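So this one's protein13.json, JSON, C-alpha atoms:
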```json
[["chain", "number", "residue", "atom", "x", "y", "z"],
["T", 1, "MET", "CA", 24.46, -31.17, 5.12],
["T", 2, "ALA", "CA", 23.76, -27.81, 6.77],
["T", 3, "ASP", "CA", 22.75, -27.36, 10.36],
["T", 4, "PRO", "CA", 18.94, -27.59, 10.87],
["T", 5, "ALA", "CA", 18.90, -24.21, 12.67],
["T", 6, "LEU", "CA", 20.72, -22.57, 9.75],
["T", 7, "GLU", "CA", 18.33, -24.19, 7.26],
["T", 8, "ALA", "CA", 15.37, -22.95, 9.33],
["T", 9, "LEU", "CA", 16.77, -19.38, 9.24],
["T", 10, "ILE", "CA", 17.30, -19.49, 5.48],
["T", 11, "ASP", "CA", 13.81, -20.89, 4.97],
["T", 12, "ALA", "CA", 12.31, -18.17, 7.20],
["T", 13, "LEU", "CA", 14.07, -15.42, 5.23],
["T", 14, "ARG", "CA", 12.63, -16.80, 1.99],
["T", 15, "CYS", "CA", 9.15, -15.71, 3.08],
["T", 16, "LEU", "CA", 10.12, -12.13, 2.21],
["T", 17, "PRO", "CA", 9.01, -10.91, -1.23],
["T", 18, "GLY", "CA", 11.69, -11.19, -3.88],
["T", 19, "VAL", "CA", 14.00, -13.27, -1.67],
["T", 20, "GLY", "CA", 15.00, -16.59, -3.16],
["T", 21, "GLN", "CA", 17.24, -19.34, -1.88],
["T", 22, "LYS", "CA", 20.55, -17.62, -2.68],
["T", 23, "SER", "CA", 19.54, -14.22, -1.29],
["T", 24, "ALA", "CA", 18.19, -15.82, 1.88],
["T", 25, "GLN", "CA", 21.40, -17.79, 2.29],
["T", 26, "ARG", "CA", 23.53, -14.63, 1.84],
["T", 27, "MET", "CA", 21.43, -12.77, 4.42],
["T", 28, "ALA", "CA", 21.63, -15.62, 6.92],
["T", 29, "PHE", "CA", 25.40, -15.95, 6.53],
["T", 30, "HIS", "CA", 25.87, -12.19, 6.83],
["T", 31, "LEU", "CA", 23.80, -11.94, 9.99],
["T", 32, "LEU", "CA", 25.50, -14.89, 11.65],
["T", 33, "GLN", "CA", 29.04, -14.04, 10.59],
["T", 34, "HIS", "CA", 29.13, -10.22, 10.60],
["T", 35, "ASP", "CA", 26.15, -8.80, 12.48],
["T", 36, "ARG", "CA", 24.82, -10.94, 15.30],
["T", 37, "ALA", "CA", 23.74, -7.79, 17.16],
["T", 38, "GLY", "CA", 21.76, -6.73, 14.08],
["T", 39, "ALA", "CA", 20.23, -10.21, 13.87],
["T", 40, "LEU", "CA", 19.15, -10.01, 17.49],
["T", 41, "LYS", "CA", 17.73, -6.51, 16.97],
["T", 42, "LEU", "CA", 15.85, -7.75, 13.89],
["T", 43, "SER", "CA", 14.39, -10.76, 15.71],
["T", 44, "GLN", "CA", 13.26, -8.60, 18.65],
["T", 45, "ALA", "CA", 11.69, -6.00, 16.34],
["T", 46, "LEU", "CA", 9.85, -8.72, 14.41],
["T", 47, "ALA", "CA", 8.55, -10.38, 17.58],
["T", 48, "SER", "CA", 7.46, -7.05, 19.03],
["T", 49, "SER", "CA", 5.75, -5.96, 15.81],
["T", 50, "ILE", "CA", 3.84, -9.22, 15.42],
["T", 51, "HIS", "CA", 2.38, -8.88, 18.91],
["T", 52, "GLU", "CA", 1.88, -5.11, 19.08],
["T", 53, "ILE", "CA", 0.92, -3.89, 15.61],
["T", 54, "GLY", "CA", -2.55, -4.43, 14.19],
["T", 55, "HIS", "CA", -4.83, -2.52, 11.83],
["T", 56, "CYS", "CA", -6.48, 0.84, 12.44],
["T", 57, "GLU", "CA", -10.21, 0.43, 12.99],
["T", 58, "ARG", "CA", -11.00, 3.38, 10.68],
["T", 59, "CYS", "CA", -8.55, 3.10, 7.78],
["T", 60, "ASN", "CA", -6.92, -0.38, 8.00],
["T", 61, "THR", "CA", -3.33, 0.86, 8.02],
["T", 62, "PHE", "CA", -0.83, -0.60, 10.45],
["T", 63, "SER", "CA", -1.18, 0.84, 13.93],
["T", 64, "ARG", "CA", -0.18, 0.05, 17.46],
["T", 65, "ASP", "CA", -3.35, 1.76, 18.72],
["T", 66, "PRO", "CA", -6.97, 0.95, 17.77],
["T", 67, "VAL", "CA", -7.09, 4.18, 15.71],
["T", 68, "CYS", "CA", -3.93, 5.39, 13.96],
["T", 69, "SER", "CA", -2.34, 8.81, 14.39],
["T", 70, "VAL", "CA", -3.40, 9.95, 10.90],
["T", 71, "CYS", "CA", -7.08, 9.25, 11.60],
["T", 72, "LEU", "CA", -6.80, 11.01, 14.97],
["T", 73, "ASP", "CA", -5.08, 14.10, 13.50],
["T", 74, "GLU", "CA", -7.73, 16.83, 13.62],
["T", 75, "THR", "CA", -5.64, 19.12, 11.39],
["T", 76, "ARG", "CA", -6.15, 16.79, 8.42],
["T", 77, "ASP", "CA", -8.88, 17.51, 5.87],
["T", 78, "GLN", "CA", -11.80, 15.29, 6.93],
["T", 79, "THR", "CA", -13.58, 15.83, 3.59],
["T", 80, "LEU", "CA", -10.90, 14.00, 1.56],
["T", 81, "LEU", "CA", -10.53, 10.22, 1.60],
["T", 82, "CYS", "CA", -7.71, 8.62, -0.40],
["T", 83, "VAL", "CA", -8.08, 4.91, -1.20],
["T", 84, "VAL", "CA", -4.86, 2.92, -1.50],
["T", 85, "GLU", "CA", -4.07, -0.77, -1.84],
["T", 86, "SER", "CA", -1.60, -1.18, 1.01],
["T", 87, "PRO", "CA", -0.01, 0.51, 4.01],
["T", 88, "ALA", "CA", 3.14, 0.81, 1.87],
["T", 89, "ASP", "CA", 1.20, 2.89, -0.68],
["T", 90, "GLN", "CA", -0.10, 5.11, 2.11],
["T", 91, "ALA", "CA", 3.42, 5.59, 3.44],
["T", 92, "ALA", "CA", 4.64, 6.57, -0.04],
["T", 93, "LEU", "CA", 1.91, 9.22, -0.35],
["T", 94, "GLU", "CA", 2.64, 10.50, 3.15],
["T", 95, "ARG", "CA", 6.33, 10.94, 2.29],
["T", 96, "THR", "CA", 5.38, 13.40, -0.47],
["T", 97, "GLY", "CA", 3.86, 15.77, 2.09],
["T", 98, "SER", "CA", 1.38, 16.90, -0.56],
["T", 99, "TYR", "CA", -1.77, 15.20, 0.78],
["T", 100, "ARG", "CA", -3.40, 16.24, 4.05],
["T", 101, "GLY", "CA", -6.63, 14.25, 3.96],
["T", 102, "LEU", "CA", -7.50, 10.83, 5.39],
["T", 103, "TYR", "CA", -6.97, 7.33, 3.98],
["T", 104, "PHE", "CA", -8.68, 4.00, 3.52],
["T", 105, "VAL", "CA", -6.35, 1.03, 2.95],
["T", 106, "LEU", "CA", -7.93, -1.82, 1.00],
["T", 107, "LEU", "CA", -5.32, -4.42, 2.00],
["T", 108, "GLY", "CA", -5.39, -5.78, -1.53],
["T", 109, "ARG", "CA", -6.92, -5.34, -4.95],
["T", 110, "LEU", "CA", -9.42, -7.18, -7.07],
["T", 111, "SER", "CA", -7.92, -10.20, -8.76],
["T", 112, "PRO", "CA", -10.53, -12.70, -9.94],
["T", 113, "LEU", "CA", -7.84, -15.09, -11.19],
["T", 114, "ASP", "CA", -6.47, -15.28, -7.64],
["T", 115, "GLY", "CA", -9.94, -15.50, -6.11],
["T", 116, "VAL", "CA", -9.86, -11.97, -4.65],
["T", 117, "GLY", "CA", -13.28, -10.31, -4.88],
["T", 118, "VAL", "CA", -15.00, -7.22, -3.51],
["T", 119, "ARG", "CA", -15.54, -8.81, -0.09],
["T", 120, "ASP", "CA", -11.83, -9.54, 0.23],
["T", 121, "ILE", "CA", -10.80, -5.91, -0.24],
["T", 122, "GLY", "CA", -13.31, -4.49, 2.23],
["T", 123, "LEU", "CA", -15.56, -2.66, -0.22],
["T", 124, "SER", "CA", -18.51, -2.56, 2.19],
["T", 125, "ALA", "CA", -16.32, -1.04, 4.94],
["T", 126, "LEU", "CA", -15.03, 1.55, 2.46],
["T", 127, "LEU", "CA", -18.57, 2.48, 1.37],
["T", 128, "GLN", "CA", -19.61, 2.86, 4.99],
["T", 129, "ARG", "CA", -16.53, 4.97, 5.78],
["T", 130, "ALA", "CA", -17.07, 7.21, 2.73],
["T", 131, "ALA", "CA", -20.72, 7.78, 3.68],
["T", 132, "ASP", "CA", -19.89, 9.20, 7.13],
["T", 133, "GLY", "CA", -21.31, 12.61, 6.20],
["T", 134, "LEU", "CA", -17.92, 14.32, 6.26],
["T", 135, "VAL", "CA", -16.29, 12.89, 3.13],
["T", 136, "SER", "CA", -17.03, 14.89, -0.01],
["T", 137, "GLU", "CA", -14.34, 13.52, -2.33],
["T", 138, "VAL", "CA", -12.78, 10.07, -2.63],
["T", 139, "ILE", "CA", -9.43, 9.92, -4.40],
["T", 140, "LEU", "CA", -8.67, 6.53, -5.94],
["T", 141, "ALA", "CA", -4.95, 5.88, -5.68],
["T", 142, "THR", "CA", -4.78, 2.22, -6.62],
["T", 143, "ASN", "CA", -1.87, 1.05, -8.75],
["T", 144, "PHE", "CA", -1.86, 1.56, -12.50],
["T", 145, "ASN", "CA", -1.90, -2.11, -13.46],
["T", 146, "VAL", "CA", -4.80, -4.28, -14.65],
["T", 147, "GLU", "CA", -5.93, -5.24, -11.14],
["T", 148, "GLY", "CA", -5.53, -1.71, -9.78],
["T", 149, "GLU", "CA", -7.52, -0.23, -12.67],
["T", 150, "ALA", "CA", -10.30, -2.80, -12.22],
["T", 151, "THR", "CA", -10.36, -2.10, -8.49],
["T", 152, "ALA", "CA", -10.57, 1.66, -9.09],
["T", 153, "HIS", "CA", -13.38, 1.17, -11.60],
["T", 154, "VAL", "CA", -15.52, -1.01, -9.31],
["T", 155, "ILE", "CA", -14.98, 1.25, -6.29],
["T", 156, "GLY", "CA", -15.57, 4.40, -8.34],
["T", 157, "GLU", "CA", -18.89, 3.14, -9.69],
["T", 158, "ALA", "CA", -20.09, 2.10, -6.23],
["T", 159, "LEU", "CA", -19.16, 5.48, -4.74],
["T", 160, "ARG", "CA", -20.69, 7.51, -7.58],
["T", 161, "GLN", "CA", -23.98, 5.63, -7.09],
["T", 162, "ARG", "CA", -23.97, 7.04, -3.54],
["T", 163, "GLY", "CA", -23.52, 10.59, -4.84],
["T", 164, "LEU", "CA", -19.87, 11.02, -3.87],
["T", 165, "LYS", "CA", -17.32, 12.89, -5.95],
["T", 166, "VAL", "CA", -14.70, 10.39, -7.15],
["T", 167, "THR", "CA", -11.32, 11.33, -8.62],
["T", 168, "ARG", "CA", -8.34, 9.24, -9.75],
["T", 169, "LEU", "CA", -4.65, 10.00, -9.47],
["T", 170, "ALA", "CA", -3.32, 11.41, -12.73],
["T", 171, "ARG", "CA", -0.78, 9.44, -14.71],
["T", 172, "GLY", "CA", 1.87, 10.76, -16.97],
["T", 173, "VAL", "CA", 5.48, 11.33, -17.71],
["T", 174, "PRO", "CA", 7.66, 11.13, -14.60],
["T", 175, "VAL", "CA", 9.49, 14.27, -13.52],
["T", 176, "GLY", "CA", 13.06, 14.31, -14.80],
["T", 177, "SER", "CA", 12.46, 11.77, -17.55],
["T", 178, "GLU", "CA", 13.17, 12.12, -21.25],
["T", 179, "LEU", "CA", 10.32, 11.39, -23.65],
["T", 180, "GLU", "CA", 12.37, 9.13, -25.89],
["T", 181, "TYR", "CA", 12.82, 6.70, -22.97],
["T", 182, "VAL", "CA", 9.22, 6.76, -21.65],
["T", 183, "ASP", "CA", 6.98, 3.87, -22.70],
["T", 184, "LEU", "CA", 4.23, 4.61, -25.22],
["T", 185, "GLY", "CA", 1.37, 3.81, -22.83],
["T", 186, "THR", "CA", 2.63, 6.39, -20.34],
["T", 187, "ILE", "CA", 2.96, 9.03, -23.05],
["T", 188, "ALA", "CA", -0.56, 8.26, -24.31],
["T", 189, "HIS", "CA", -2.01, 8.62, -20.80],
["T", 190, "ALA", "CA", -0.06, 11.84, -20.30],
["T", 191, "PHE", "CA", -1.76, 13.31, -23.36],
["T", 192, "MET", "CA", -5.21, 12.20, -22.17],
["T", 193, "ASP", "CA", -4.66, 13.50, -18.63],
["T", 194, "ARG", "CA", -3.00, 16.76, -19.66],
["T", 195, "ARG", "CA", -3.97, 19.94, -17.86]]
```

As structure tokens:
Amino acid sequence: MADPALEALIDALRCLPGVGQKSAQRMAFHLLQHDRAGALKLSQALASSIHEIGHCERCNTFSRDPVCSVCLDETRDQTLLCVVESPADQAALERTGSYRGLYFVLLGRLSPLDGVGVRDIGLSALLQRAADGLVSEVILATNFNVEGEATAHVIGEALRQRGLKVTRLARGVPVGSELEYVDLGTIAHAFMDRR
């Protein structure tokens, strides 16, 4: 029988997405056997983050301050508002360096089967944010799965009713790919969204 402290560590690591029993056990053994300094650094960073990082009051992304640095950046285009599902999606768009507007992070997506409705994704806060008098275009950058498409549709309709221009990220063939290996749905969307 394993030590209760070791079992507690393995169980704690299993809360991470995609980490099962074996992966959690490998991580725990690695940290304890080969990288105790890394384990200590990880535990301190987690404790610090839990206590210090919250959500931006304007866009919902993770922030140490009440309003995040992106929302405070006056060089960003205040007329563009990009709607994403998560802070991870926002970070991915930021890494491209191609978007210089503002964001609104939904912190989820519609999923009626899981009991997630429009109130759960902050639709009213988004509508209020988009109607601030500065935003002229809302870019819907939800994921291209069933829930993401449904979320984009509901949000798009609500924004259009308020007279806002609504656009959606284009979909298509990834750069560097070969057509024979791209799935048929992606090719079909690439034809529809061609420019």

Open item on the list: Neighbouring residues of Asn143 in chain T were defined as those with any atom within 12 Å, considering all atoms listed in the file; residues of the same chain fewer than 6 positions away were excluded. Please report them as a PyMOL selection string.
Closed with: chain T and resi 83-86+88-90+106+108-110+149-153+168-171

Produce a file of the selected residues containing C-alpha atoms, as a short mmCIF file (atom, residue, chain, number, x, y, z; two decimals), in the coordinates of the input.
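Once everything was written out, this is again_8.cif:
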```cif
data_model
loop_
_atom_site.label_atom_id
_atom_site.label_comp_id
_atom_site.auth_asym_id
_atom_site.auth_seq_id
_atom_site.Cartn_x
_atom_site.Cartn_y
_atom_site.Cartn_z
CA VAL T 83 -8.08 4.91 -1.20
CA VAL T 84 -4.86 2.92 -1.50
CA GLU T 85 -4.07 -0.77 -1.84
CA SER T 86 -1.60 -1.18 1.01
CA ALA T 88 3.14 0.81 1.87
CA ASP T 89 1.20 2.89 -0.68
CA GLN T 90 -0.10 5.11 2.11
CA LEU T 106 -7.93 -1.82 1.00
CA GLY T 108 -5.39 -5.78 -1.53
CA ARG T 109 -6.92 -5.34 -4.95
CA LEU T 110 -9.42 -7.18 -7.07
CA GLU T 149 -7.52 -0.23 -12.67
CA ALA T 150 -10.30 -2.80 -12.22
CA THR T 151 -10.36 -2.10 -8.49
CA ALA T 152 -10.57 1.66 -9.09
CA HIS T 153 -13.38 1.17 -11.60
CA ARG T 168 -8.34 9.24 -9.75
CA LEU T 169 -4.65 10.00 -9.47
CA ALA T 170 -3.32 11.41 -12.73
CA ARG T 171 -0.78 9.44 -14.71
#
```

Open item on the list: Measuring between only C-alpha atoms, which one of T:Ala125, T:Leu16, T:Leu113, T:Ala37 shows the shortest distance to Val146 in chain T?
Closed with: T:Leu113

Open item on the list: Let me make sure I understand: among T:Ile53, T:Leu127, T:Leu134, T:Gln78, which one has the smallest atom-to-atom distance to Gly156 in chain T if we use all atoms listed in the file?
Closed with: T:Leu127

Open item on the list: Applying 12 Å and all atoms listed in the file, which residues near Glu74 in chain T remain after dropping the ones on its own chain fewer than 4 positions away? List them as an NGL selection string.
Closed with: :T and (69-70 or 78-79 or 100-102)

Open item on the list: So that I can see what lies close to Gly54 in chain T, please list as a PyMOL selection string the residues with an atom at most 10 Å from it, counting all atoms listed in the file and leaving out residues fewer than 2 positions away in the same chain.
Closed with: chain T and resi 49-52+56-57+60-68
